[in-house]
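> Take a look at run-v8.cif, mmCIF, C-alpha atoms and all ligand atoms:
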```cif
data_coords
loop_
_atom_site.group_PDB
_atom_site.id
_atom_site.type_symbol
_atom_site.label_atom_id
_atom_site.label_comp_id
_atom_site.auth_asym_id
_atom_site.auth_seq_id
_atom_site.Cartn_x
_atom_site.Cartn_y
_atom_site.Cartn_z
ATOM 1 C CA MET A 1 23.535 13.208 -8.332
ATOM 2 C CA ALA A 2 20.659 11.123 -9.603
ATOM 3 C CA GLY A 3 21.973 8.462 -11.943
ATOM 4 C CA SER A 4 19.913 6.899 -14.689
ATOM 5 C CA SER A 5 19.971 3.602 -12.803
ATOM 6 C CA MET A 6 18.414 4.976 -9.631
ATOM 7 C CA PRO A 7 15.446 2.895 -8.510
ATOM 8 C CA PRO A 8 12.057 4.669 -8.732
ATOM 9 C CA VAL A 9 11.269 3.894 -5.083
ATOM 10 C CA ARG A 10 13.228 2.965 -2.001
ATOM 11 C CA ILE A 11 11.875 1.511 1.244
ATOM 12 C CA GLY A 12 13.384 2.088 4.674
ATOM 13 C CA GLN A 13 12.696 1.002 8.221
ATOM 14 C CA GLY A 14 13.855 2.407 11.533
ATOM 15 C CA TRP A 15 13.679 1.414 15.187
ATOM 16 C CA ASP A 16 14.744 3.229 18.334
ATOM 17 C CA THR A 17 14.496 2.896 22.076
ATOM 18 C CA HIS A 18 15.238 5.215 25.005
ATOM 19 C CA ARG A 19 15.117 4.671 28.748
ATOM 20 C CA LEU A 20 12.370 6.378 30.759
ATOM 21 C CA VAL A 21 13.796 8.296 33.710
ATOM 22 C CA PRO A 22 12.532 10.943 36.161
ATOM 23 C CA GLY A 23 13.406 14.563 35.481
ATOM 24 C CA ARG A 24 13.608 14.408 31.690
ATOM 25 C CA PRO A 25 11.025 15.732 29.229
ATOM 26 C CA LEU A 26 8.934 13.247 27.265
ATOM 27 C CA ILE A 27 9.098 14.517 23.687
ATOM 28 C CA LEU A 28 7.493 12.441 20.933
ATOM 29 C CA GLY A 29 7.346 13.695 17.378
ATOM 30 C CA GLY A 30 8.407 17.124 18.637
ATOM 31 C CA ILE A 31 5.464 17.323 21.049
ATOM 32 C CA GLN A 32 6.162 17.566 24.786
ATOM 33 C CA ILE A 33 3.843 15.174 26.626
ATOM 34 C CA PRO A 34 3.000 16.063 30.252
ATOM 35 C CA SER A 35 4.724 13.335 32.280
ATOM 36 C CA GLU A 36 6.779 12.860 35.438
ATOM 37 C CA ILE A 37 9.143 10.600 33.521
ATOM 38 C CA GLY A 38 10.864 11.313 30.238
ATOM 39 C CA LEU A 39 13.404 9.897 27.838
ATOM 40 C CA SER A 40 17.101 9.870 28.628
ATOM 41 C CA GLY A 41 19.562 10.573 25.830
ATOM 42 C CA HIS A 42 22.200 12.901 24.477
ATOM 43 C CA SER A 43 19.769 14.823 22.293
ATOM 44 C CA ASP A 44 16.141 15.549 23.199
ATOM 45 C CA ALA A 45 15.714 11.748 22.890
ATOM 46 C CA ASP A 46 12.709 12.023 20.582
ATOM 47 C CA VAL A 47 12.374 8.333 19.875
ATOM 48 C CA LEU A 48 9.822 8.824 17.057
ATOM 49 C CA PHE A 49 11.901 11.366 15.115
ATOM 50 C CA HIS A 50 14.946 9.113 15.590
ATOM 51 C CA ALA A 51 13.142 6.074 14.161
ATOM 52 C CA VAL A 52 11.865 8.062 11.163
ATOM 53 C CA THR A 53 15.339 9.553 10.597
ATOM 54 C CA ASP A 54 16.866 6.065 10.650
ATOM 55 C CA ALA A 55 14.211 4.837 8.214
ATOM 56 C CA VAL A 56 15.083 7.634 5.751
ATOM 57 C CA LEU A 57 18.834 6.966 6.119
ATOM 58 C CA GLY A 58 18.121 3.249 5.690
ATOM 59 C CA ALA A 59 16.132 3.795 2.509
ATOM 60 C CA LEU A 60 19.158 5.637 1.119
ATOM 61 C CA ALA A 61 21.565 2.944 2.413
ATOM 62 C CA LEU A 62 23.483 5.702 4.192
ATOM 63 C CA GLY A 63 24.094 3.992 7.520
ATOM 64 C CA ASP A 64 22.397 4.969 10.756
ATOM 65 C CA ILE A 65 21.664 7.994 12.882
ATOM 66 C CA GLY A 66 24.654 7.333 15.174
ATOM 67 C CA MET A 67 27.055 7.641 12.224
ATOM 68 C CA HIS A 68 25.646 10.987 11.152
ATOM 69 C CA PHE A 69 25.067 12.503 14.597
ATOM 70 C CA PRO A 70 27.511 10.895 17.060
ATOM 71 C CA ASP A 71 26.429 11.282 20.690
ATOM 72 C CA THR A 72 30.003 12.247 21.546
ATOM 73 C CA ASP A 73 29.622 15.389 19.464
ATOM 74 C CA PRO A 74 28.796 18.426 21.671
ATOM 75 C CA GLU A 75 27.028 19.991 18.678
ATOM 76 C CA TRP A 76 24.141 17.527 19.170
ATOM 77 C CA LYS A 77 23.863 17.724 22.980
ATOM 78 C CA ASP A 78 20.163 18.337 23.754
ATOM 79 C CA ALA A 79 19.658 18.984 20.047
ATOM 80 C CA GLY A 80 16.100 19.117 18.750
ATOM 81 C CA SER A 81 15.759 15.866 16.853
ATOM 82 C CA ILE A 82 13.885 17.620 14.054
ATOM 83 C CA GLN A 83 17.381 18.689 12.906
ATOM 84 C CA PHE A 84 18.342 15.039 12.393
ATOM 85 C CA LEU A 85 15.196 14.371 10.403
ATOM 86 C CA LYS A 86 15.603 17.481 8.241
ATOM 87 C CA HIS A 87 19.219 16.526 7.550
ATOM 88 C CA ALA A 88 18.239 12.999 6.453
ATOM 89 C CA LEU A 89 15.547 14.436 4.150
ATOM 90 C CA LYS A 90 18.114 16.820 2.693
ATOM 91 C CA LEU A 91 20.392 13.863 1.920
ATOM 92 C CA ALA A 92 17.419 12.235 0.165
ATOM 93 C CA ALA A 93 16.663 15.366 -1.861
ATOM 94 C CA GLN A 94 20.325 15.653 -2.880
ATOM 95 C CA ARG A 95 20.028 12.143 -4.309
ATOM 96 C CA GLY A 96 16.816 12.939 -6.172
ATOM 97 C CA TYR A 97 14.330 11.403 -3.723
ATOM 98 C CA ALA A 98 11.314 12.771 -1.899
ATOM 99 C CA LEU A 99 9.425 11.138 0.921
ATOM 100 C CA ALA A 100 6.156 9.546 -0.269
ATOM 101 C CA ASN A 101 4.703 8.347 3.034
ATOM 102 C CA VAL A 102 5.592 7.471 6.619
ATOM 103 C CA ASP A 103 4.097 4.826 8.867
ATOM 104 C CA SER A 104 5.166 4.609 12.491
ATOM 105 C CA THR A 105 4.382 3.008 15.828
ATOM 106 C CA ILE A 106 5.176 4.320 19.319
ATOM 107 C CA LEU A 107 5.350 1.676 22.044
ATOM 108 C CA LEU A 108 4.805 3.142 25.506
ATOM 109 C CA GLU A 109 3.040 1.812 28.583
ATOM 110 C CA ARG A 110 2.226 5.186 30.130
ATOM 111 C CA PRO A 111 1.340 7.988 30.043
ATOM 112 C CA LYS A 112 -1.420 7.222 27.567
ATOM 113 C CA LEU A 113 -0.870 9.068 24.302
ATOM 114 C CA LYS A 114 -4.348 8.903 22.781
ATOM 115 C CA GLU A 115 -5.169 12.575 23.348
ATOM 116 C CA PHE A 116 -1.889 13.634 21.715
ATOM 117 C CA ARG A 117 -2.338 11.548 18.588
ATOM 118 C CA GLY A 118 -3.493 14.497 16.454
ATOM 119 C CA ALA A 119 -0.721 16.819 17.647
ATOM 120 C CA ILE A 120 2.057 14.242 17.178
ATOM 121 C CA ARG A 121 0.827 13.275 13.726
ATOM 122 C CA GLU A 122 0.386 16.886 12.636
ATOM 123 C CA ASN A 123 3.840 17.842 13.875
ATOM 124 C CA LEU A 124 5.446 14.868 12.126
ATOM 125 C CA SER A 125 3.629 15.748 8.906
ATOM 126 C CA CYS A 126 4.947 19.340 9.128
ATOM 127 C CA ALA A 127 8.463 18.099 9.930
ATOM 128 C CA VAL A 128 8.597 15.850 6.875
ATOM 129 C CA GLY A 129 6.599 18.164 4.604
ATOM 130 C CA LEU A 130 3.858 15.654 3.753
ATOM 131 C CA PRO A 131 0.064 15.955 3.880
ATOM 132 C CA LEU A 132 -1.587 14.346 6.899
ATOM 133 C CA ASP A 133 -3.019 11.466 4.885
ATOM 134 C CA CYS A 134 0.529 10.333 4.062
ATOM 135 C CA VAL A 135 1.616 10.272 7.708
ATOM 136 C CA SER A 136 0.575 7.551 10.134
ATOM 137 C CA VAL A 137 1.338 7.339 13.860
ATOM 138 C CA LYS A 138 0.101 4.296 15.756
ATOM 139 C CA PHE A 139 0.256 3.646 19.499
ATOM 140 C CA LYS A 140 0.747 0.418 21.362
ATOM 141 C CA THR A 141 1.518 -0.571 24.920
ATOM 142 C CA GLY A 142 3.843 -3.414 25.884
ATOM 143 C CA GLU A 143 1.011 -5.364 27.533
ATOM 144 C CA ARG A 144 2.921 -5.017 30.830
ATOM 145 C CA VAL A 145 5.625 -7.356 29.498
ATOM 146 C CA GLY A 146 9.271 -6.548 28.727
ATOM 147 C CA PRO A 147 11.023 -3.185 29.131
ATOM 148 C CA VAL A 148 8.214 -1.244 27.437
ATOM 149 C CA GLY A 149 5.491 -3.040 29.358
ATOM 150 C CA GLU A 150 7.311 -2.559 32.654
ATOM 151 C CA GLY A 151 7.517 1.176 31.992
ATOM 152 C CA LEU A 152 11.314 1.215 31.660
ATOM 153 C CA SER A 153 11.527 2.364 28.057
ATOM 154 C CA CYS A 154 9.739 3.815 25.073
ATOM 155 C CA GLU A 155 10.283 2.451 21.581
ATOM 156 C CA ALA A 156 9.370 3.639 18.120
ATOM 157 C CA GLN A 157 9.298 1.923 14.751
ATOM 158 C CA ALA A 158 8.996 3.596 11.381
ATOM 159 C CA ALA A 159 8.703 2.626 7.742
ATOM 160 C CA VAL A 160 9.131 5.111 4.908
ATOM 161 C CA LEU A 161 8.883 5.087 1.159
ATOM 162 C CA LEU A 162 11.079 7.405 -0.886
ATOM 163 C CA ALA A 163 10.114 8.098 -4.474
ATOM 164 C CA ALA A 164 12.360 9.525 -7.179
ATOM 165 C CA SER A 165 11.250 13.122 -7.489
ATOM 166 C CA PRO A 166 10.329 14.424 -10.958
ATOM 167 C CA LYS A 167 13.046 16.638 -12.399
HETATM 168 ZN ZN ZN B 1 17.229 7.756 19.787
#
```
Represent the structure of the file as structure tokens.

Amino acid sequence: MAGSSMPPVRIGQGWDTHRLVPGRPLILGGIQIPSEIGLSGHSDADVLFHAVTDAVLGALALGDIGMHFPDTDPEWKDAGSIQFLKHALKLAAQRGYALANVDSTILLERPKLKEFRGAIRENLSCAVGLPLDCVSVKFKTGERVGPVGEGLSCEAQAAVLLAASPK
């Protein structure tokens, strides 16, 4: 599928937000964080995997996660979001691209994520098939302002670089 005019690199960015509600698991980067509140959504609501998936789709100019995995589709109800990410990476590979690096930020007031940094980063690096030094996960709070700061939501942002893979 790779044409001779394909650019050597492509950049993509993704953003996602989910509401925090009682009685739902808090899953970030495939890691379940002990918490009395979790993220509401049709799938497992893994806001980090969703942002990275959207960044990959964006780099390919293939629309957004909602177009590929509609939340009206029973196939994706409570789906593990790693499936979305793997699918986006497959679309990249089919077009001759491999992920070069990922940078991401999770915005959450509480619980504090510091002790899960290693696990989240390691799991994301496994999910995307990159060495750890090509995968970054940063944490921020909302400084008690806005929906994140008031503890109503969790957001994630991601940037990715895709590089044309050698034939
Ligand atoms: Zn989402």
> Excluding same-chain residues fewer than 3 positions from Arg117 in chain A, what lies within 12 Å of it counting all atoms listed in the file, as a count of residues only?
21
> Let me see if you get this right: every residue at most 9 Å from ligand ZN 1 (chain B), counting all atoms listed in the file, written as a list in words.
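What falls inside 9 Å of ligand ZN 1 (chain B) is Trp15, Asp16, Thr17, His18, Gly41, His42, Ser43, Asp44, Ala45, Asp46, Val47, Leu48, Phe49, His50, Ala51, Ile65, Gly66, Ser81 and Glu155 of chain A.
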> If you measure from CA of Asp64 in chain A to CA of Leu162 in chain A, what distance in Å do you get, rounded to one decimal?
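Computing it gives 16.4 Å between the two atoms.
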> Which residue out of A:Gly142, A:Pro111, A:Pro74, A:Gly149 has the minimum interatomic distance to Gly38 in chain A when only C-alpha atoms are used?
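So, comparing all the options, the nearest one is A:Pro111.
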> What does the PyMOL selection byres (((chain A and resi 128) around 10) and not hetatm) select in this file, as a VMD selection string?
chain A and resid 49 52 to 53 82 85 to 86 89 98 to 102 123 to 127 129 to 131 135
> Find, counting only C-alpha atoms, the residue in A:Glu109, A:Gly118, A:His68, A:Asp73 that gets nearest to His87 in chain A.
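Going through A:Glu109, A:Gly118, A:His68, A:Asp73 one by one, the smallest distance to His87 in chain A is for A:His68.
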> Grab all the atoms of range 76-92 of chain A that the file lists, wrap them in a box along x, y and z, add 8 Å per side, and give me centre plus edge lengths in Å (one decimal) as JSON.

```
{"center_x": 19.0, "center_y": 15.7, "center_z": 12.0, "size_x": 26.3, "size_y": 22.9, "size_z": 39.6}
```
